[in-house]
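Take a look at the structure set out below.
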Amino acid sequence: MRNFIRLRCHRWNMAGAILLLFQSALSMPGAAAIPSLELVVGARIRAPVTSPLGHPVQAINDVIGTGEKAIVVEGETNSLVMFSLDGKSESRTPNTGPGGAMLANPVQMALNDHGELLVLDGQSPRIARFSVQGPSSTLVSVVKLRGVTGVTGICGFDGRTFVAGATLPIERSKIIHVIAADGGVNASFGESFGQPGEVSRLLYGASRLLCLSQERLIIVASKSYPEIRAYDQGGNLRWKQTLPDYHQISYKEPQPGQVEYTYPPDNLYDQSISIFTVAKGVIAVQVGRRVARQPDTSIKSIRTMFLSAVDGGPIGLQMDLPLVKASSAGRLFAIEQPGVLSILSFSMRER
């Protein structure tokens, strides 16, 4: 019979013990290849996000949790909306006018060591920094990025800010860049995903970043290539993991400036859409499946893979979670329907 360990856990700060038990289970004779760690969703609070004019927005660009509140950058005016953990809207920071950051395409938010909010703008690459300690967010600075383009992700710890993107010339670009205080690039690391070449560097480029301050790692996944990696602060690759059952789009460049796409035979293709932590030592990667050549390109299904932050080893697979943008204080911050923030309490268990 297959050996197993039955766990009961009602507090998420027991996650370190859970991870150790799962790692022990992996070494037991006859143990399952992927222990079935899963998240159990409890209370669910839905908070509609509105525009400055008071009507519901149709999209949310990103969400982050600070431990005491949730912050949303809404997709209509790119303004910041702050919510309490019971789903009540507390304040709004306009994107335009006095004190506005004038964000054009915010792609990811992150918190730095001082608890300040960093918002990465992808259209005219720059980083807006906000104070979020009080009842509302206040713009502190906006720094234009120099020497980096196609930015998609941001995170930081130990006083350093990391941005995913490309430098010129593209054919020699790395995928992660350490940003100086003036917006320049201090250092770059990480080889491109996929085969070397300009097309792979752009289309297999990095997606969101996740910094793990306790493990001192930077986690990065490609948007369209089935791989996730962990680097240390020095840019050394610590581990990489291939994502299973990944329906991949292939790209080729028959001539400069011309790109041809080849979809999987079933016209279903996957994209990595989220990376977040569920506990110390446990990260979650979400892959969304879409249908090619259809007017509706929305996500049809989401699978969530749990990995050990120590070595990238798989410790669970779950098919019933919504799109989760972040987690904090025992809660998931998710998008279950357009323009609505879902705040979900959760616990972890073995099936």
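Letters A, B, ... mark the chains of the structure tokens in the order given; residue numbers begin at 1 per chain; ligand numbers begin at 1, in order shown.
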
Residues of region 103-178 of chain A at most 12 Å from region 227-239 of chain A: nearest atom pair and distance in Å, only C-alpha atoms, as a tab-separated table:
```
residue	atom	partner	partner_atom	distance
A:Cys155	CA	A:Gln233	CA	12.0
A:Gly156	CA	A:Gln233	CA	10.2
A:Phe157	CA	A:Gln233	CA	9.3
A:Asp158	CA	A:Gln233	CA	9.3
A:Gly159	CA	A:Gln233	CA	11.2
A:Arg160	CA	A:Gln233	CA	9.0
A:Thr161	CA	A:Gln233	CA	10.6
A:Phe162	CA	A:Gln233	CA	9.5
A:Lys174	CA	A:Gly235	CA	10.4
A:Ile175	CA	A:Gly235	CA	10.6
A:Ile176	CA	A:Gly235	CA	8.6
A:His177	CA	A:Gly235	CA	9.5
A:Val178	CA	A:Gln233	CA	9.4
```

Selected residues written out, C-alpha atoms, as a PDB file, in the first residue's frame:
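File out-v3.pdb, as written:
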```
ATOM      1  CA  CYS A 155      10.027  42.596  -6.618  1.00  0.00           C
ATOM      2  CA  GLY A 156      12.585  43.608  -4.043  1.00  0.00           C
ATOM      3  CA  PHE A 157      14.367  42.882  -0.771  1.00  0.00           C
ATOM      4  CA  ASP A 158      17.534  43.891   1.088  1.00  0.00           C
ATOM      5  CA  GLY A 159      17.303  47.360  -0.413  1.00  0.00           C
ATOM      6  CA  ARG A 160      17.464  46.083  -3.989  1.00  0.00           C
ATOM      7  CA  THR A 161      14.785  46.280  -6.682  1.00  0.00           C
ATOM      8  CA  PHE A 162      14.592  43.584  -9.363  1.00  0.00           C
ATOM      9  CA  LYS A 174      19.418  38.751 -19.593  1.00  0.00           C
ATOM     10  CA  ILE A 175      15.940  38.463 -18.073  1.00  0.00           C
ATOM     11  CA  ILE A 176      16.315  39.989 -14.562  1.00  0.00           C
ATOM     12  CA  HIS A 177      17.835  43.396 -13.855  1.00  0.00           C
ATOM     13  CA  VAL A 178      18.917  45.117 -10.641  1.00  0.00           C
TER      14      VAL A 178
END
```

Residue neighbourhood Ser141 (chain A), 12 Å, only C-alpha atoms, exclusion window fewer than 5 positions, as a PyMOL selection string: chain A and resi 99-102+116-119+126-131+181-183

What would the file look like if the residues just selected were written as a short mmCIF file (atom, residue, chain, number, x, y, z; two decimals), in the first residue's frame with C-alpha atoms?
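New file again.cif:
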```cif
data_model
loop_
_atom_site.label_atom_id
_atom_site.label_comp_id
_atom_site.auth_asym_id
_atom_site.auth_seq_id
_atom_site.Cartn_x
_atom_site.Cartn_y
_atom_site.Cartn_z
CA GLY A 99 -0.09 63.59 -6.63
CA GLY A 100 -0.91 61.21 -9.49
CA ALA A 101 1.70 58.83 -10.87
CA MET A 102 0.31 59.00 -14.44
CA GLU A 116 6.42 50.97 0.52
CA LEU A 117 4.43 50.00 -2.56
CA LEU A 118 6.29 49.73 -5.88
CA VAL A 119 4.20 49.86 -9.07
CA ARG A 126 9.20 53.39 -14.76
CA ILE A 127 8.60 52.62 -11.11
CA ALA A 128 6.17 54.59 -8.96
CA ARG A 129 6.76 54.38 -5.21
CA PHE A 130 3.94 54.96 -2.72
CA SER A 131 3.72 55.18 1.05
CA ALA A 181 18.11 54.49 -7.50
CA ASP A 182 18.25 56.69 -10.61
CA GLY A 183 16.52 54.08 -12.80
#
```

CA of Pro254 (chain A) to CA of Ser173 (chain A), straight-line distance in Å: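 Separation between CA of Ser173 (chain A) and CA of Pro254 (chain A): 21.0 Å.
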
DSSP-assigned strand (DSSP E) members of region 171-322 of chain A, reported as a count of residues only: 79

Residues near Gln294 (chain A), cut-off 12 Å, only C-alpha atoms, skip fewer than 6 positions along chain, as JSON, numbers by chain: {"A": [267, 268, 269, 300]}

Atoms to include: N, CA and C atoms. Write the selected residues as a PDB file, in the first residue's frame.
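Printed below is result08.pdb as written:
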```pdb
ATOM      1  N   ASN A 267      -5.322  23.302 -30.278  1.00  0.00           N
ATOM      2  CA  ASN A 267      -5.596  24.743 -30.194  1.00  0.00           C
ATOM      3  C   ASN A 267      -5.735  25.252 -28.758  1.00  0.00           C
ATOM      4  N   LEU A 268      -5.330  24.461 -27.791  1.00  0.00           N
ATOM      5  CA  LEU A 268      -5.299  24.903 -26.407  1.00  0.00           C
ATOM      6  C   LEU A 268      -3.864  25.267 -26.055  1.00  0.00           C
ATOM      7  N   TYR A 269      -3.669  26.422 -25.458  1.00  0.00           N
ATOM      8  CA  TYR A 269      -2.312  26.812 -25.085  1.00  0.00           C
ATOM      9  C   TYR A 269      -2.303  27.366 -23.662  1.00  0.00           C
ATOM     10  N   LYS A 300      -9.787  29.593 -19.668  1.00  0.00           N
ATOM     11  CA  LYS A 300     -10.807  28.534 -19.565  1.00  0.00           C
ATOM     12  C   LYS A 300     -10.633  27.677 -18.325  1.00  0.00           C
TER      13      LYS A 300
END
```

Residues flagged helix (DSSP H, G or I) by DSSP in region 182-257 of chain A, as a PyMOL selection string: chain A and resi 198-203

Go ahead and write the residues just picked, C-alpha atoms, as a tab-separated table (two decimals), in the first residue's frame.
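Written out: selection39.tsv:
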```tsv
chain	number	residue	atom	x	y	z
A	198	GLU	CA	15.71	37.52	-30.42
A	199	VAL	CA	12.24	35.97	-30.77
A	200	SER	CA	12.62	33.67	-27.77
A	201	ARG	CA	13.97	36.49	-25.63
A	202	LEU	CA	10.92	38.60	-26.36
A	203	LEU	CA	8.13	36.02	-26.55
```

Find the nearest atom pair between each residue of region 96-118 of chain A and region 322-338 of chain A for residues within 12 Å, count only C-alpha atoms, give distances in Å to one decimal, sort rows by chain and ascending number, and present the table as a Markdown table.
```
| residue | atom | partner | partner_atom | distance |
| --- | --- | --- | --- | --- |
| A:Val107 | CA | A:Lys325 | CA | 11.7 |
| A:Gln108 | CA | A:Lys325 | CA | 9.6 |
| A:Met109 | CA | A:Ala326 | CA | 9.9 |
| A:Ala110 | CA | A:Ala326 | CA | 9.8 |
| A:Leu111 | CA | A:Ala326 | CA | 11.5 |
```

Using only C-alpha atoms: which of A:His247, A:Lys252, A:Arg303, A:Arg351 has the shortest distance to Val291 (chain A):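 When distances to Val291 (chain A) are compared using only C-alpha atoms, the smallest one comes from A:His247.
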
Shortest interatomic distance to Ile45 (chain A) - which of A:Ser342, A:Arg349, A:Gln248, A:Thr93, counting only C-alpha atoms: A:Ser342

Who sits within 9 Å of Val340 (chain A), only C-alpha atoms, same chain under 5 positions skipped, as a PyMOL selection string: chain A and resi 46-50+56-60+334-335

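For the pair CA of Pro226 (chain A) and CA of Pro125 (chain A), the separation is 26.2 Å.
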
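Closest approach to Gly75 (chain A) among A:Gly288, A:Gly87, A:Gly54, A:Pro106: A:Pro106, based on only C-alpha atoms.
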
Top pick for closest residue to Asp245 (chain A), considering A:Leu217, A:Leu317, A:Ser347, A:Asp113 and counting only C-alpha atoms: A:Leu317

Near-Val72 (chain A) list (8 Å; only C-alpha atoms; drop same-chain fewer than 4 positions) as a list in words: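 Residues meeting the cut-off are Ile60, Asn61, Asp62, Val63, Ile64, Leu80, Val81, Met82 and Phe83 of chain A.
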
Could you take the residues named above and write them with N, CA and C atoms, as a PDB file, in the first residue's frame?
```
ATOM      1  N   ILE A  60      -9.192  44.444 -13.308  1.00  0.00           N
ATOM      2  CA  ILE A  60      -8.243  44.752 -12.240  1.00  0.00           C
ATOM      3  C   ILE A  60      -6.861  44.387 -12.755  1.00  0.00           C
ATOM      4  N   ASN A  61      -5.940  45.357 -12.727  1.00  0.00           N
ATOM      5  CA  ASN A  61      -4.599  45.091 -13.244  1.00  0.00           C
ATOM      6  C   ASN A  61      -3.768  44.241 -12.295  1.00  0.00           C
ATOM      7  N   ASP A  62      -3.826  44.545 -11.010  1.00  0.00           N
ATOM      8  CA  ASP A  62      -3.036  43.771 -10.050  1.00  0.00           C
ATOM      9  C   ASP A  62      -3.572  44.021  -8.653  1.00  0.00           C
ATOM     10  N   VAL A  63      -3.189  43.120  -7.733  1.00  0.00           N
ATOM     11  CA  VAL A  63      -3.603  43.198  -6.329  1.00  0.00           C
ATOM     12  C   VAL A  63      -2.402  42.834  -5.477  1.00  0.00           C
ATOM     13  N   ILE A  64      -2.303  43.466  -4.309  1.00  0.00           N
ATOM     14  CA  ILE A  64      -1.264  43.091  -3.356  1.00  0.00           C
ATOM     15  C   ILE A  64      -1.831  43.209  -1.953  1.00  0.00           C
ATOM     16  N   LEU A  80      -5.187  53.676  -7.620  1.00  0.00           N
ATOM     17  CA  LEU A  80      -5.044  52.701  -6.544  1.00  0.00           C
ATOM     18  C   LEU A  80      -6.253  52.784  -5.618  1.00  0.00           C
ATOM     19  N   VAL A  81      -6.817  51.620  -5.286  1.00  0.00           N
ATOM     20  CA  VAL A  81      -7.951  51.543  -4.365  1.00  0.00           C
ATOM     21  C   VAL A  81      -7.545  50.645  -3.204  1.00  0.00           C
ATOM     22  N   MET A  82      -7.717  51.149  -1.992  1.00  0.00           N
ATOM     23  CA  MET A  82      -7.313  50.423  -0.797  1.00  0.00           C
ATOM     24  C   MET A  82      -8.546  49.838  -0.111  1.00  0.00           C
ATOM     25  N   PHE A  83      -8.465  48.545   0.256  1.00  0.00           N
ATOM     26  CA  PHE A  83      -9.560  47.852   0.920  1.00  0.00           C
ATOM     27  C   PHE A  83      -9.089  47.325   2.270  1.00  0.00           C
TER      28      PHE A  83
END
```

Atom-to-atom span, CA of Gly313 (chain A) and CA of Ile283 (chain A), Å: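 It comes out at 10.4 Å.
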
Counting only C-alpha atoms, the option among A:Thr167, A:Thr297, A:Gln255, A:Ser308 closest to Ile219 (chain A): A:Ser308

Nearby residues (only C-alpha atoms) at most 6 Å from Ser79 (chain A), same-chain spacing under 4 positions excluded, as a list in words: Val73, Glu74, Thr93, Pro94 and Asn95 of chain A
